[in-house]
$ cat entry_17.tsv   # TSV, C-alpha atoms and all ligand atoms
chain	number	residue	atom	x	y	z
L	897	MET	CA	163.69	71.72	52.26
L	898	LYS	CA	162.75	73.92	55.23
L	899	LYS	CA	165.06	74.06	58.25
L	900	ILE	CA	162.87	74.99	61.22
L	901	LEU	CA	163.69	76.18	64.74
L	902	VAL	CA	160.87	75.65	67.24
L	903	THR	CA	160.86	77.46	70.59
L	904	GLY	CA	158.69	76.15	73.42
L	905	ALA	CA	159.06	72.72	71.79
L	906	LEU	CA	158.08	70.80	74.95
L	907	GLY	CA	154.83	72.68	75.50
L	908	GLN	CA	151.28	71.70	74.53
L	909	ILE	CA	151.59	72.68	70.85
L	910	GLY	CA	155.35	72.27	70.47
L	911	SER	CA	155.61	68.68	71.70
L	912	GLU	CA	153.25	67.53	68.94
L	913	LEU	CA	154.23	70.05	66.28
L	914	VAL	CA	157.90	68.99	66.39
L	915	MET	CA	156.93	65.36	65.68
L	916	HIS	CA	154.42	66.41	63.02
L	917	MET	CA	156.99	68.61	61.25
L	918	ARG	CA	159.75	65.99	61.53
L	919	ASN	CA	157.46	63.54	59.74
L	920	ILE	CA	157.04	66.07	56.93
L	921	TYR	CA	160.45	67.77	56.67
L	922	GLY	CA	162.77	65.15	58.17
L	923	ASN	CA	164.01	64.74	61.73
L	924	ASP	CA	167.25	66.70	61.21
L	925	ASN	CA	165.39	69.68	59.70
L	926	VAL	CA	163.37	70.49	62.83
L	927	ILE	CA	165.43	71.86	65.72
L	928	ALA	CA	163.47	71.60	68.96
L	929	THR	CA	164.35	74.04	71.74
L	930	ASP	CA	162.99	74.65	75.19
L	931	ILE	CA	164.14	76.15	78.48
L	932	ARG	CA	164.84	72.67	79.89
L	933	ARG	CA	165.69	69.30	78.44
L	934	ILE	CA	163.42	66.36	79.28
L	935	ASP	CA	165.28	63.14	78.50
L	936	GLY	CA	163.05	60.51	76.94
L	937	ASN	CA	160.66	63.09	75.46
L	938	PRO	CA	160.17	62.19	71.74
L	939	ALA	CA	160.77	65.82	70.70
L	940	VAL	CA	164.15	65.62	72.47
L	941	GLU	CA	165.16	62.13	71.33
L	942	SER	CA	163.97	62.04	67.70
L	943	GLY	CA	166.03	64.93	66.33
L	944	PRO	CA	168.17	67.99	67.18
L	945	PHE	CA	167.37	69.53	70.58
L	946	GLU	CA	168.89	72.62	72.22
L	947	VAL	CA	168.28	74.10	75.65
L	948	LEU	CA	167.23	77.68	74.94
L	949	ASP	CA	165.79	80.42	77.14
L	950	VAL	CA	164.01	82.72	74.67
L	951	LEU	CA	165.09	85.69	76.82
L	952	ASN	CA	168.70	84.90	75.84
L	953	ALA	CA	168.90	86.73	72.48
L	954	LYS	CA	172.56	85.85	71.93
L	955	LYS	CA	172.00	82.12	72.45
L	956	MET	CA	168.93	82.17	70.19
L	957	ALA	CA	170.94	83.74	67.37
L	958	GLU	CA	173.79	81.26	67.93
L	959	VAL	CA	171.43	78.25	67.75
L	960	ALA	CA	169.71	79.59	64.63
L	961	LYS	CA	173.04	80.24	62.88
L	962	LYS	CA	174.54	76.89	64.00
L	963	HIS	CA	171.64	75.00	62.42
L	964	GLU	CA	171.26	77.40	59.45
L	965	VAL	CA	167.49	77.64	59.95
L	966	ASP	CA	165.23	79.41	57.43
L	967	THR	CA	162.03	79.25	59.49
L	968	ILE	CA	161.30	80.08	63.13
L	969	VAL	CA	158.19	78.79	64.89
L	970	HIS	CA	158.00	80.74	68.13
L	971	LEU	CA	155.71	79.06	70.68
L	972	ALA	CA	157.34	79.85	74.03
L	973	ALA	CA	154.87	81.86	76.12
L	974	LEU	CA	152.87	81.83	79.34
L	975	LEU	CA	149.17	80.95	78.87
L	976	SER	CA	146.26	83.02	80.13
L	977	ALA	CA	145.68	81.84	83.70
L	978	VAL	CA	149.38	81.69	84.58
L	979	ALA	CA	149.92	85.06	82.88
L	980	GLU	CA	147.14	86.60	84.98
L	981	ALA	CA	148.81	85.27	88.14
L	982	LYS	CA	152.25	86.53	87.04
L	983	PRO	CA	151.60	89.51	84.72
L	984	VAL	CA	155.11	91.02	84.88
L	985	LEU	CA	156.78	87.70	84.07
L	986	ALA	CA	154.19	87.12	81.33
L	987	TRP	CA	155.06	90.44	79.68
L	988	GLU	CA	158.78	89.70	79.94
L	989	ILE	CA	158.51	86.21	78.43
L	990	ASN	CA	155.69	86.73	75.94
L	991	MET	CA	157.01	90.03	74.57
L	992	GLY	CA	160.73	89.76	75.32
L	993	GLY	CA	160.90	86.29	73.83
L	994	LEU	CA	158.88	87.33	70.79
L	995	PHE	CA	161.07	90.38	70.18
L	996	ASN	CA	164.25	88.27	70.35
L	997	ALA	CA	162.79	85.71	67.94
L	998	LEU	CA	161.69	88.40	65.47
L	999	GLU	CA	165.14	89.98	65.59
L	1000	VAL	CA	166.77	86.62	64.75
L	1001	ALA	CA	164.26	86.14	61.92
L	1002	ARG	CA	165.08	89.61	60.61
L	1003	GLU	CA	168.86	89.07	60.79
L	1004	LEU	CA	168.76	85.60	59.19
L	1005	LYS	CA	165.90	86.36	56.76
L	1006	CYS	CA	163.75	83.55	58.20
L	1007	SER	CA	160.04	82.95	57.72
L	1008	PHE	CA	158.27	83.30	61.05
L	1009	PHE	CA	155.21	81.83	62.77
L	1010	THR	CA	153.89	82.66	66.19
L	1011	PRO	CA	150.34	82.09	67.50
L	1012	SER	CA	147.94	84.69	68.73
L	1013	SER	CA	144.73	83.60	70.44
L	1014	ILE	CA	141.05	84.32	70.88
L	1015	GLY	CA	142.45	85.83	74.07
L	1016	ALA	CA	143.39	88.84	71.89
L	1017	PHE	CA	139.74	89.89	72.04
L	1018	GLY	CA	138.10	91.62	75.00
L	1019	PRO	CA	134.70	92.15	76.62
L	1020	ASN	CA	133.58	94.77	74.07
L	1021	THR	CA	134.48	92.65	71.06
L	1022	PRO	CA	131.34	91.28	69.30
L	1023	LYS	CA	130.89	87.89	71.02
L	1024	ASP	CA	129.11	85.85	68.36
L	1025	ASN	CA	130.71	85.12	64.99
L	1026	THR	CA	133.49	87.54	65.99
L	1027	PRO	CA	134.78	89.21	62.81
L	1028	GLN	CA	138.37	88.89	61.57
L	1029	ASP	CA	138.73	92.69	61.81
L	1030	THR	CA	137.13	94.09	64.97
L	1031	ILE	CA	137.81	95.88	68.23
L	1032	GLN	CA	140.52	94.33	70.41
L	1033	ARG	CA	140.70	95.68	73.97
L	1034	PRO	CA	141.58	92.59	76.04
L	1035	GLU	CA	141.59	92.99	79.83
L	1036	THR	CA	144.07	90.19	80.60
L	1037	MET	CA	147.86	90.40	80.44
L	1038	TYR	CA	147.78	87.35	78.17
L	1039	GLY	CA	145.47	89.20	75.79
L	1040	VAL	CA	147.59	92.36	75.97
L	1041	THR	CA	150.67	90.33	74.93
L	1042	LYS	CA	148.71	88.63	72.14
L	1043	VAL	CA	147.41	91.89	70.62
L	1044	SER	CA	150.87	93.45	71.04
L	1045	GLY	CA	152.39	90.39	69.38
L	1046	GLU	CA	150.03	90.66	66.42
L	1047	VAL	CA	150.94	94.29	65.74
L	1048	LEU	CA	154.65	93.71	66.39
L	1049	CYS	CA	154.65	90.91	63.79
L	1050	ASP	CA	152.79	93.22	61.36
L	1051	TYR	CA	155.50	95.84	61.97
L	1052	TYR	CA	158.32	93.39	61.26
L	1053	PHE	CA	156.60	92.43	57.99
L	1054	LYS	CA	155.93	95.99	56.84
L	1055	ARG	CA	159.16	97.65	58.13
L	1056	PHE	CA	161.74	94.87	57.62
L	1057	GLY	CA	160.06	92.49	55.16
L	1058	VAL	CA	160.12	89.55	57.61
L	1059	ASP	CA	157.70	86.88	56.35
L	1060	THR	CA	155.65	86.74	59.56
L	1061	ARG	CA	152.52	84.60	59.84
L	1062	GLY	CA	150.15	83.70	62.66
L	1063	VAL	CA	146.71	82.51	63.71
L	1064	ARG	CA	144.40	83.31	66.62
L	1065	PHE	CA	144.12	79.85	68.15
L	1066	PRO	CA	141.02	78.81	70.10
L	1067	GLY	CA	141.37	76.46	73.04
L	1068	LEU	CA	143.46	73.48	71.94
L	1069	ILE	CA	142.65	69.97	73.05
L	1070	SER	CA	145.22	67.17	72.95
L	1071	TYR	CA	146.03	63.91	74.69
L	1072	ALA	CA	149.82	64.16	74.37
L	1073	THR	CA	150.49	66.68	77.15
L	1074	ALA	CA	148.74	67.21	80.48
L	1075	PRO	CA	146.59	70.37	80.83
L	1076	GLY	CA	148.68	73.51	81.42
L	1077	GLY	CA	148.04	77.03	82.68
L	1078	GLY	CA	145.25	77.91	80.31
L	1079	THR	CA	141.61	78.87	80.77
L	1080	THR	CA	140.34	76.38	78.19
L	1081	ASP	CA	142.25	73.50	79.77
L	1082	TYR	CA	139.10	72.30	81.51
L	1083	ALA	CA	138.29	70.80	78.10
L	1084	VAL	CA	141.47	68.70	78.32
L	1085	ASP	CA	141.33	67.85	82.03
L	1086	ILE	CA	137.75	66.56	81.76
L	1087	TYR	CA	138.83	63.69	79.49
L	1088	TYR	CA	141.56	62.60	81.94
L	1089	LYS	CA	139.17	62.72	84.92
L	1090	ALA	CA	136.36	61.00	82.98
L	1091	LEU	CA	138.63	58.02	82.32
L	1092	GLU	CA	140.43	58.00	85.68
L	1093	GLU	CA	137.54	58.86	88.05
L	1094	GLY	CA	134.29	58.84	86.05
L	1095	LYS	CA	133.54	62.38	87.22
L	1096	TYR	CA	134.75	65.96	86.80
L	1097	THR	CA	134.33	69.26	88.59
L	1098	SER	CA	134.40	72.09	86.05
L	1099	TYR	CA	136.03	75.40	87.01
L	1100	ILE	CA	134.21	77.03	84.07
L	1101	ALA	CA	130.46	77.64	84.48
L	1102	GLU	CA	127.73	76.00	82.41
L	1103	ASN	CA	126.71	77.97	79.29
L	1104	THR	CA	130.21	79.51	78.95
L	1105	TYR	CA	130.85	79.06	75.23
L	1106	MET	CA	134.43	79.13	73.91
L	1107	ASP	CA	135.98	78.24	70.58
L	1108	MET	CA	137.97	75.00	70.58
L	1109	MET	CA	140.05	72.85	68.23
L	1110	TYR	CA	141.53	69.37	68.31
L	1111	MET	CA	145.34	69.40	68.11
L	1112	PRO	CA	145.63	67.54	64.74
L	1113	ASP	CA	143.71	70.41	63.11
L	1114	ALA	CA	145.97	72.97	64.81
L	1115	LEU	CA	149.14	71.25	63.60
L	1116	ASN	CA	147.75	71.05	60.06
L	1117	ALA	CA	146.82	74.74	60.18
L	1118	ILE	CA	150.37	75.80	61.16
L	1119	VAL	CA	152.00	73.82	58.33
L	1120	THR	CA	149.37	74.87	55.77
L	1121	LEU	CA	149.80	78.55	56.66
L	1122	LEU	CA	153.61	78.30	56.56
L	1123	GLU	CA	153.40	76.72	53.09
L	1124	ALA	CA	150.77	79.20	51.80
L	1125	ASP	CA	151.39	81.73	49.00
L	1126	SER	CA	152.62	84.84	50.81
L	1127	SER	CA	151.05	87.15	48.23
L	1128	LYS	CA	147.56	85.97	49.19
L	1129	LEU	CA	147.94	86.64	52.94
L	1130	ILE	CA	146.05	89.82	53.77
L	1131	HIS	CA	145.57	89.12	57.50
L	1132	ARG	CA	148.92	87.32	57.72
L	1133	ASN	CA	149.59	87.53	61.48
L	1134	ALA	CA	146.25	87.04	63.10
L	1135	PHE	CA	143.91	84.72	61.26
L	1136	ASN	CA	140.83	83.72	63.23
L	1137	ILE	CA	140.62	79.94	63.17
L	1138	THR	CA	138.30	77.57	65.03
L	1139	ALA	CA	136.72	74.13	64.66
L	1140	MET	CA	133.86	74.24	67.15
L	1141	SER	CA	132.30	76.22	69.98
L	1142	PHE	CA	130.90	74.49	73.04
L	1143	GLU	CA	130.15	74.97	76.73
L	1144	PRO	CA	130.99	72.49	79.52
L	1145	SER	CA	127.67	70.61	79.63
L	1146	MET	CA	127.84	69.94	75.87
L	1147	LEU	CA	131.26	68.36	76.34
L	1148	ALA	CA	130.04	66.33	79.34
L	1149	ASN	CA	127.07	65.03	77.35
L	1150	GLU	CA	129.36	63.97	74.49
L	1151	ILE	CA	131.61	62.08	76.95
L	1152	LYS	CA	128.53	60.38	78.45
L	1153	LYS	CA	127.86	58.78	75.06
L	1154	HIS	CA	131.07	56.77	75.69
L	1155	ILE	CA	131.10	56.67	79.53
L	1156	PRO	CA	127.37	56.52	80.48
L	1157	ASN	CA	127.97	56.87	84.24
L	1158	PHE	CA	130.15	59.96	83.87
L	1159	THR	CA	129.01	62.87	86.03
L	1160	MET	CA	130.06	66.51	86.13
L	1161	ASN	CA	129.48	69.28	88.66
L	1162	TYR	CA	130.75	72.86	88.93
L	1163	ASP	CA	133.10	74.72	91.24
L	1164	VAL	CA	133.70	77.92	89.30
L	1165	ASP	CA	137.12	79.57	89.51
L	1166	PRO	CA	136.33	83.31	89.45
L	1167	VAL	CA	139.68	84.23	87.83
L	1168	ARG	CA	139.45	81.82	84.92
L	1169	GLN	CA	135.69	82.41	84.60
L	1170	ALA	CA	136.33	86.15	84.26
L	1171	ILE	CA	138.92	85.44	81.56
L	1172	ALA	CA	136.52	83.13	79.72
L	1173	ASN	CA	133.69	85.69	79.98
L	1174	SER	CA	135.89	88.27	78.24
L	1175	TRP	CA	136.48	86.01	75.23
L	1176	PRO	CA	134.15	85.43	72.24
L	1177	ASN	CA	131.51	82.72	72.16
L	1178	SER	CA	132.39	81.91	68.56
L	1179	ILE	CA	134.63	83.48	65.92
L	1180	ASP	CA	134.37	83.86	62.15
L	1181	CYS	CA	137.21	82.17	60.27
L	1182	SER	CA	136.21	83.03	56.68
L	1183	ALA	CA	139.41	85.01	56.05
L	1184	ALA	CA	141.61	81.99	56.85
L	1185	LYS	CA	139.47	79.81	54.56
L	1186	ALA	CA	139.65	82.34	51.72
L	1187	GLU	CA	143.33	83.35	51.98
L	1188	TRP	CA	145.03	79.97	52.64
L	1189	GLY	CA	142.36	77.24	52.61
L	1190	PHE	CA	142.03	76.66	56.36
L	1191	ASN	CA	139.88	73.64	57.09
L	1192	ALA	CA	139.20	71.76	60.35
L	1193	LYS	CA	138.35	68.06	60.23
L	1194	TYR	CA	137.40	67.39	63.86
L	1195	ASP	CA	134.16	68.38	65.57
L	1196	LEU	CA	133.03	67.67	69.15
L	1197	GLU	CA	131.79	64.18	68.28
L	1198	ASN	CA	134.81	62.78	66.42
L	1199	MET	CA	137.28	64.62	68.65
L	1200	THR	CA	135.74	63.04	71.77
L	1201	GLN	CA	135.79	59.58	70.22
L	1202	ASP	CA	139.47	59.93	69.24
L	1203	MET	CA	140.52	61.68	72.45
L	1204	LEU	CA	139.00	59.01	74.75
L	1205	GLN	CA	140.45	56.20	72.65
L	1206	LYS	CA	144.00	57.64	72.53
L	1207	LEU	CA	143.95	58.81	76.18
L	1208	ALA	CA	142.71	55.43	77.48
L	1209	LYS	CA	145.68	53.84	75.72
L	1210	LYS	CA	148.10	56.45	77.12
L	1211	LEU	CA	146.72	56.00	80.67
L	1212	ASN	CA	146.56	52.23	80.23
L	1213	ILE	CA	142.85	52.24	81.09
L	1214	ARG	CA	140.67	49.60	79.45
L	1301	LIG	C1	144.62	79.49	77.23
L	1301	LIG	N1	144.76	77.48	75.87
L	1301	LIG	O1	143.61	79.01	77.73
L	1301	LIG	C2	145.11	78.90	75.89
L	1301	LIG	C3	144.47	79.60	74.72
L	1301	LIG	C4	142.34	80.46	73.72
L	1301	LIG	C5	142.98	79.80	74.90
L	1301	LIG	O2	145.07	80.79	74.41
L	1301	LIG	O3	145.25	80.39	77.74
$ encode --input "entry_17.tsv" --output "structure tokens" --more "lines below"
Ligand code: VAH
Amino acid sequence: MKKILVTGALGQIGSELVMHMRNIYGNDNVIATDIRRIDGNPAVESGPFEVLDVLNAKKMAEVAKKHEVDTIVHLAALLSAVAEAKPVLAWEINMGGLFNALEVARELKCSFFTPSSIGAFGPNTPKDNTPQDTIQRPETMYGVTKVSGEVLCDYYFKRFGVDTRGVRFPGLISYATAPGGGTTDYAVDIYYKALEEGKYTSYIAENTYMDMMYMPDALNAIVTLLEADSSKLIHRNAFNITAMSFEPSMLANEIKKHIPNFTMNYDVDPVRQAIANSWPNSIDCSAAKAEWGFNAKYDLENMTQDMLQKLAKKLNIR
């Protein structure tokens, strides 16, 4: 049975992935870590939790050895908008933390997963049906760390034989955690505001298409890739995956099917709009389908239905 250490376990992906993995592998086999402990958080209370700053290489190695882990899922990182506001810190955390985690994986012969992002593409990447193998010249610090992370993980596989694996996530939408410092988080925030206020002001302009995915599909993708036959993984560290591509008015119209009086207007944030403009409109995920059977179950319609239902319950809104 796998013994998995998760960094960034209280973030958007981590807080749900820890619970998802504990259901599969057993509570005691998933060690959640994050830079601070939040008492009462299910990822803290339902199994082993350690306070871990991923920049503390010694502590990371100690935690991994103490729990005798064989798999590291490294999620701790700053997202795109925060990274653009604090580029030096973003490099330190996103690359320093990744390097420390790869070194522990190398020393303890662990399998390794860390996510890249559609943010690893730049303005001169083909925007529609973006190929798995194409030009990557991102113009954001987030994108620079994601491309660097992809090639660093390739290096650790080729040079040291570390079983590294990763996907390029699209924008992830979930009801479990509040929107964070991302560019795609408008697609999370809109559901909260639709239920709480019946209206939303989008900081991303109409007709700005971005790839998106509902969190259950993202969690399933991580576990499926980690369980996949290593010999079949050609693009092992950077699989394009996506479930849908939409722009803000499409999302608003889908919400209106459930909340007819919902209204949306725009107040574009130039920083996050510039980031969004540099990313693809839609990406091709045929390599992930061919090499490890990637499959997304949620589209805009069934995601919106589930998201509004689960969020209304969480916010205690009838
Ligand atoms: C962000 N949600 O907006 C993240 C993600 C593709 C977007 O990397 O920064």
$ closest_residue --input "entry_17.tsv" --among "L:Asp949, L:Asp1024, L:Asp1107, L:Asp1113" --to "ligand LIG 1301 (chain L)" --atoms "all atoms listed in the file"
L:Asp1107
$ residues_around --input "entry_17.tsv" --residues "Ala973 of chain L" --least-positions-apart "6" --cutoff "8 Å" --atoms "only C-alpha atoms" --output "PDB file with C-alpha atoms, keeping the file's coordinate frame"
ATOM      1  CA  GLY L 904     158.690  76.150  73.420  1.00  0.00           C
ATOM      2  CA  ALA L 986     154.190  87.120  81.330  1.00  0.00           C
ATOM      3  CA  ILE L 989     158.510  86.210  78.430  1.00  0.00           C
ATOM      4  CA  ASN L 990     155.690  86.730  75.940  1.00  0.00           C
ATOM      5  CA  GLY L 993     160.900  86.290  73.830  1.00  0.00           C
TER       6      GLY L 993
END
$ closest_atom_pairs --input "entry_17.tsv" --of "chain L" --to "ligand LIG 1301 (chain L)" --cutoff "7 Å" --atoms "only C-alpha atoms and all ligand atoms" --output "JSON lines"
{"residue": "L:Leu975", "atom": "CA", "partner": "L:LIG1301", "partner_atom": "O3", "distance": 4.1}
{"residue": "L:Ser976", "atom": "CA", "partner": "L:LIG1301", "partner_atom": "O3", "distance": 3.7}
{"residue": "L:Ala977", "atom": "CA", "partner": "L:LIG1301", "partner_atom": "O3", "distance": 6.1}
{"residue": "L:Ser1013", "atom": "CA", "partner": "L:LIG1301", "partner_atom": "O2", "distance": 4.9}
{"residue": "L:Ile1014", "atom": "CA", "partner": "L:LIG1301", "partner_atom": "C4", "distance": 5.0}
{"residue": "L:Gly1015", "atom": "CA", "partner": "L:LIG1301", "partner_atom": "C4", "distance": 5.4}
{"residue": "L:Phe1065", "atom": "CA", "partner": "L:LIG1301", "partner_atom": "C4", "distance": 5.9}
{"residue": "L:Pro1066", "atom": "CA", "partner": "L:LIG1301", "partner_atom": "C4", "distance": 4.2}
{"residue": "L:Gly1067", "atom": "CA", "partner": "L:LIG1301", "partner_atom": "C5", "distance": 4.1}
{"residue": "L:Leu1068", "atom": "CA", "partner": "L:LIG1301", "partner_atom": "N1", "distance": 5.8}
{"residue": "L:Gly1077", "atom": "CA", "partner": "L:LIG1301", "partner_atom": "O3", "distance": 6.6}
{"residue": "L:Gly1078", "atom": "CA", "partner": "L:LIG1301", "partner_atom": "O1", "distance": 3.2}
{"residue": "L:Thr1079", "atom": "CA", "partner": "L:LIG1301", "partner_atom": "O1", "distance": 3.6}
{"residue": "L:Thr1080", "atom": "CA", "partner": "L:LIG1301", "partner_atom": "O1", "distance": 4.2}
{"residue": "L:Asp1081", "atom": "CA", "partner": "L:LIG1301", "partner_atom": "O1", "distance": 6.0}
$ closest_atom_pairs --input "entry_17.tsv" --of "segment 1144-1186 of chain L" --to "segment 1134-1137 of chain L" --cutoff "12 Å" --atoms "all atoms listed in the file" --output "JSON lines"
{"residue": "L:Pro1176", "atom": "CA", "partner": "L:Asn1136", "partner_atom": "CA", "distance": 11.3}
{"residue": "L:Ser1178", "atom": "CA", "partner": "L:Ile1137", "partner_atom": "CA", "distance": 10.0}
{"residue": "L:Ile1179", "atom": "CA", "partner": "L:Asn1136", "partner_atom": "CA", "distance": 6.8}
{"residue": "L:Asp1180", "atom": "CA", "partner": "L:Asn1136", "partner_atom": "CA", "distance": 6.6}
{"residue": "L:Cys1181", "atom": "CA", "partner": "L:Asn1136", "partner_atom": "CA", "distance": 4.9}
{"residue": "L:Ser1182", "atom": "CA", "partner": "L:Asn1136", "partner_atom": "CA", "distance": 8.0}
{"residue": "L:Ala1183", "atom": "CA", "partner": "L:Phe1135", "partner_atom": "CA", "distance": 6.9}
{"residue": "L:Ala1184", "atom": "CA", "partner": "L:Phe1135", "partner_atom": "CA", "distance": 5.7}
{"residue": "L:Lys1185", "atom": "CA", "partner": "L:Ile1137", "partner_atom": "CA", "distance": 8.7}
{"residue": "L:Ala1186", "atom": "CA", "partner": "L:Phe1135", "partner_atom": "CA", "distance": 10.7}
$ residues_around --input "entry_17.tsv" --residues "Asp1125 of chain L" --least-positions-apart "4" --cutoff "9 Å" --atoms "all atoms listed in the file" --output "list in words"
Leu1121, Leu1129, Glu1187 and Trp1188 of chain L
$ closest_residue --input "entry_17.tsv" --among "L:Lys1152, L:His970, L:Arg933, L:Arg1064" --to "Ala1001 of chain L" --atoms "only C-alpha atoms"
L:His970
$ atom_distance --input "entry_17.tsv" --atom1 "atom CA of Pro1144 of chain L" --atom2 "atom CA of Tyr1096 of chain L"
10.5 Å
$ atom_distance --input "entry_17.tsv" --atom1 "atom CA of Gln1028 of chain L" --atom2 "atom CA of Ser1012 of chain L"
12.7 Å
$ residues_around --input "entry_17.tsv" --residues "Thr1200 of chain L" --least-positions-apart "6" --cutoff "12 Å" --atoms "only C-alpha atoms" --output "ChimeraX atom specification"
/L:1069-1071,1083-1084,1086-1088,1090,1109-1110,1146-1155,1194,1206-1208
$ closest_residue --input "entry_17.tsv" --among "L:Phe1017, L:Phe1158, L:Phe1190, L:Phe1056" --to "Leu1115 of chain L" --atoms "all atoms listed in the file"
L:Phe1190
$ atom_distance --input "entry_17.tsv" --atom1 "atom CA of Val914 of chain L" --atom2 "atom CA of Ile927 of chain L"
8.1 Å
$ closest_residue --input "entry_17.tsv" --among "L:Gly1045, L:Gly1018, L:Pro1011, L:Pro983" --to "Phe995 of chain L" --atoms "only C-alpha atoms"
L:Gly1045
$ residues_around --input "entry_17.tsv" --residues "Leu971 of chain L" --least-positions-apart "3" --cutoff "10 Å" --atoms "all atoms listed in the file" --output "PDB file with C-alpha atoms, keeping the file's coordinate frame"
ATOM      1  CA  VAL L 902     160.870  75.650  67.240  1.00  0.00           C
ATOM      2  CA  THR L 903     160.860  77.460  70.590  1.00  0.00           C
ATOM      3  CA  GLY L 904     158.690  76.150  73.420  1.00  0.00           C
ATOM      4  CA  ALA L 905     159.060  72.720  71.790  1.00  0.00           C
ATOM      5  CA  LEU L 906     158.080  70.800  74.950  1.00  0.00           C
ATOM      6  CA  GLY L 907     154.830  72.680  75.500  1.00  0.00           C
ATOM      7  CA  GLN L 908     151.280  71.700  74.530  1.00  0.00           C
ATOM      8  CA  ILE L 909     151.590  72.680  70.850  1.00  0.00           C
ATOM      9  CA  GLY L 910     155.350  72.270  70.470  1.00  0.00           C
ATOM     10  CA  ASP L 930     162.990  74.650  75.190  1.00  0.00           C
ATOM     11  CA  VAL L 950     164.010  82.720  74.670  1.00  0.00           C
ATOM     12  CA  ILE L 968     161.300  80.080  63.130  1.00  0.00           C
ATOM     13  CA  LEU L 974     152.870  81.830  79.340  1.00  0.00           C
ATOM     14  CA  ASN L 990     155.690  86.730  75.940  1.00  0.00           C
ATOM     15  CA  GLY L 993     160.900  86.290  73.830  1.00  0.00           C
ATOM     16  CA  LEU L 994     158.880  87.330  70.790  1.00  0.00           C
ATOM     17  CA  PHE L1009     155.210  81.830  62.770  1.00  0.00           C
ATOM     18  CA  THR L1010     153.890  82.660  66.190  1.00  0.00           C
ATOM     19  CA  PRO L1011     150.340  82.090  67.500  1.00  0.00           C
ATOM     20  CA  SER L1012     147.940  84.690  68.730  1.00  0.00           C
TER      21      SER L1012
END
